[in-house]
Every structure is written in C-alpha cells, then in structure tokens.
>>> print(open('run05.txt').read())   # compact mmCIF, C-alpha atoms and all ligand atoms
# COMPACT_ATOMS: atom_id res chain seq x y z
CA MET L 1 94.13 90.06 79.60
CA ALA L 2 90.98 90.54 81.63
CA GLU L 3 91.23 92.89 84.59
CA ASN L 4 88.83 90.86 86.68
CA ARG L 5 89.73 87.44 88.06
CA VAL L 6 88.00 84.83 90.14
CA VAL L 7 89.19 84.22 93.70
CA GLN L 8 87.46 81.65 95.88
CA GLY L 9 84.49 81.71 93.50
CA ARG L 10 84.08 85.49 93.55
CA MET L 11 84.98 88.03 90.89
CA VAL L 12 87.66 90.47 92.04
CA THR L 13 89.10 93.65 90.54
CA PRO L 14 92.71 94.71 91.25
CA GLU L 15 91.40 96.99 94.02
CA SER L 16 89.16 94.40 95.66
CA LEU L 17 91.89 91.75 95.46
CA ALA L 18 94.32 94.17 97.14
CA GLU L 19 91.71 94.87 99.82
CA LEU L 20 91.35 91.12 100.46
CA ILE L 21 95.11 90.91 101.06
CA GLU L 22 95.42 94.16 103.01
CA GLY L 23 92.23 93.77 105.04
CA GLU L 24 91.25 97.38 104.44
CA ASP L 25 90.79 99.93 101.68
CA VAL L 26 93.71 100.65 99.36
CA MET L 27 94.41 103.83 97.39
CA ASP L 28 95.47 102.25 94.10
CA ALA L 29 96.25 98.87 92.58
CA GLU L 30 98.05 97.61 89.48
CA PRO L 31 96.58 95.02 87.10
CA ILE L 32 96.35 91.48 88.48
CA ARG L 33 99.02 89.06 87.26
CA ASP L 34 99.57 85.33 87.57
CA ALA L 35 102.31 84.73 90.13
CA ASP L 36 105.00 82.20 89.29
CA ARG L 37 104.43 80.35 92.55
CA SER L 38 101.73 78.09 93.89
CA CYS L 39 99.88 78.16 97.18
CA PRO L 40 101.85 76.59 100.09
CA ASP L 41 98.59 75.48 101.69
CA CYS L 42 96.60 73.93 98.84
CA ASP L 43 98.94 74.08 95.80
CA GLY L 44 96.37 76.24 94.01
CA ASP L 45 97.08 79.02 91.53
CA VAL L 46 98.28 82.29 93.06
CA LEU L 47 97.54 85.80 91.80
CA GLN L 48 99.88 88.76 92.29
CA VAL L 49 98.89 92.40 92.62
CA GLY L 50 100.91 95.50 93.42
CA TYR L 51 99.06 98.14 95.41
CA MET L 52 99.40 101.28 97.48
CA PRO L 53 97.76 101.07 100.90
CA SER L 54 98.78 104.69 101.47
CA VAL L 55 100.57 107.46 99.60
CA MET L 56 104.02 106.51 100.91
CA ALA L 57 103.77 102.73 100.69
CA PHE L 58 103.89 100.11 97.95
CA VAL L 59 103.05 96.48 98.61
CA THR L 60 103.33 93.41 96.42
CA GLY L 61 100.59 91.02 97.49
CA TRP L 62 99.78 87.41 96.64
CA LYS L 63 96.48 85.61 97.04
CA CYS L 64 95.52 82.01 96.42
CA GLN L 65 92.56 81.59 94.06
CA GLU L 66 91.31 78.53 95.94
CA CYS L 67 91.77 79.13 99.70
CA ASP L 68 92.32 81.84 102.32
CA TRP L 69 96.13 81.98 101.95
CA SER L 70 97.71 85.35 101.16
CA ASP L 71 101.09 86.99 101.60
CA ALA L 72 102.47 90.52 101.21
CA ASP L 73 105.89 92.07 100.68
CA ARG L 74 106.02 95.59 102.13
CA GLU L 75 108.66 98.02 100.93
ZN ZN L 101 95.53 77.89 98.55
>>> encode(input="run05.txt", output="structure tokens", more="lines below")
Ligand SMILES: [Zn+2]
Amino acid sequence: MAENRVVQGRMVTPESLAELIEGEDVMDAEPIRDADRSCPDCDGDVLQVGYMPSVMAFVTGWKCQECDWSDADRE
C-alpha cells in the first residue's frame, strides 16, 4: 500500500499527517492506515496514524480526508 495519501486535496506522508493532527513536529510516525470509522462532521473517510510526538509518548491520531476534523488518543 502506498505510503502517501491525499488529505483535503494535498499529498501527505505519515509524518506530515501526524503533524497535521499534532499541530507541531513529530519525531516518528507509523504507516498510514484506513480507520474503521467515518468522520463525525462530514461522514468522509478517516485515516489513522500512530506517531511519537516525543521520546516518551505515543499517540494514535485520526484525520478526515475531506474536512478539518481530527482526533487523537494519547497514552
Ligand atoms: Zn470530515
């Protein structure tokens, strides 16, 4: 599966998708996956990415491919 996906008309990598969700630079990100949920705002397709905003943290983030909606689960 391709590493790069399209979000809101722009190509994103795992790192740039994680940065969209986090709002700042991240250290590392896992490959982008299709989330088994749809956007609560527009019912669009949602992408999932796991990433590390810092050495001690791991976040699972979700981002709608069609609108500004995103969510994150911080461990
Ligand atoms: Zn949406």
>>> residues_around(input="run05.txt", residues="Gln65 of chain L", least_positions_apart="5", cutoff="8 Å", atoms="only C-alpha atoms", output="PyMOL selection string")
chain L and resi 6-8+44-47
>>> write_last_selection(input="run05.txt", atoms="C-alpha atoms", output="CSV table (one decimal), in the coordinates of the input")
chain,number,residue,atom,x,y,z
L,6,VAL,CA,88.0,84.8,90.1
L,7,VAL,CA,89.2,84.2,93.7
L,8,GLN,CA,87.5,81.6,95.9
L,44,GLY,CA,96.4,76.2,94.0
L,45,ASP,CA,97.1,79.0,91.5
L,46,VAL,CA,98.3,82.3,93.1
L,47,LEU,CA,97.5,85.8,91.8
>>> residues_near_ligand(input="run05.txt", ligand="ligand ZN 101 (chain L)", cutoff="9 Å", atoms="only C-alpha atoms and all ligand atoms", output="PyMOL selection string")
chain L and resi 38-46+63-70
>>> residues_around(input="run05.txt", residues="Leu17 of chain L", least_positions_apart="3", cutoff="10 Å", atoms="all atoms listed in the file", output="PDB file with C-alpha atoms, in the frame of the given file")
ATOM      1  CA  ASN L   4      88.830  90.860  86.680  1.00  0.00           C
ATOM      2  CA  ARG L   5      89.730  87.440  88.060  1.00  0.00           C
ATOM      3  CA  VAL L   6      88.000  84.830  90.140  1.00  0.00           C
ATOM      4  CA  VAL L   7      89.190  84.220  93.700  1.00  0.00           C
ATOM      5  CA  MET L  11      84.980  88.030  90.890  1.00  0.00           C
ATOM      6  CA  VAL L  12      87.660  90.470  92.040  1.00  0.00           C
ATOM      7  CA  THR L  13      89.100  93.650  90.540  1.00  0.00           C
ATOM      8  CA  PRO L  14      92.710  94.710  91.250  1.00  0.00           C
ATOM      9  CA  LEU L  20      91.350  91.120 100.460  1.00  0.00           C
ATOM     10  CA  ILE L  21      95.110  90.910 101.060  1.00  0.00           C
ATOM     11  CA  GLU L  22      95.420  94.160 103.010  1.00  0.00           C
ATOM     12  CA  GLY L  23      92.230  93.770 105.040  1.00  0.00           C
ATOM     13  CA  VAL L  26      93.710 100.650  99.360  1.00  0.00           C
ATOM     14  CA  ALA L  29      96.250  98.870  92.580  1.00  0.00           C
ATOM     15  CA  ILE L  32      96.350  91.480  88.480  1.00  0.00           C
ATOM     16  CA  LEU L  47      97.540  85.800  91.800  1.00  0.00           C
ATOM     17  CA  GLN L  48      99.880  88.760  92.290  1.00  0.00           C
ATOM     18  CA  VAL L  49      98.890  92.400  92.620  1.00  0.00           C
ATOM     19  CA  GLY L  50     100.910  95.500  93.420  1.00  0.00           C
ATOM     20  CA  TYR L  51      99.060  98.140  95.410  1.00  0.00           C
ATOM     21  CA  GLY L  61     100.590  91.020  97.490  1.00  0.00           C
ATOM     22  CA  TRP L  62      99.780  87.410  96.640  1.00  0.00           C
ATOM     23  CA  LYS L  63      96.480  85.610  97.040  1.00  0.00           C
TER      24      LYS L  63
END
>>> residues_around(input="run05.txt", residues="Val55 of chain L", least_positions_apart="3", cutoff="9 Å", atoms="all atoms listed in the file", output="VMD selection string")
chain L and resid 27 52 58
>>> closest_residue(input="run05.txt", among="L:Ala18, L:Asp25, L:Pro31, L:Gly9", to="Val59 of chain L", atoms="all atoms listed in the file")
L:Ala18
>>> atom_distance(input="run05.txt", atom1="atom CA of Glu15 of chain L", atom2="atom CA of Glu30 of chain L")
8.1 Å
>>> atom_distance(input="run05.txt", atom1="atom CA of Arg37 of chain L", atom2="atom CA of Ser54 of chain L")
26.5 Å
>>> axis_aligned_box(input="run05.txt", around="segment 25-44 of chain L", padding_each_side="5 Å", output="AutoDock Vina command-line options")
--center_x 97.9 --center_y 88.9 --center_z 94.4 --size_x 24.2 --size_y 39.9 --size_z 24.6
>>> closest_residue(input="run05.txt", among="L:Arg33, L:Glu19, L:Glu24, L:Glu75", to="Glu3 of chain L", atoms="all atoms listed in the file")
L:Arg33
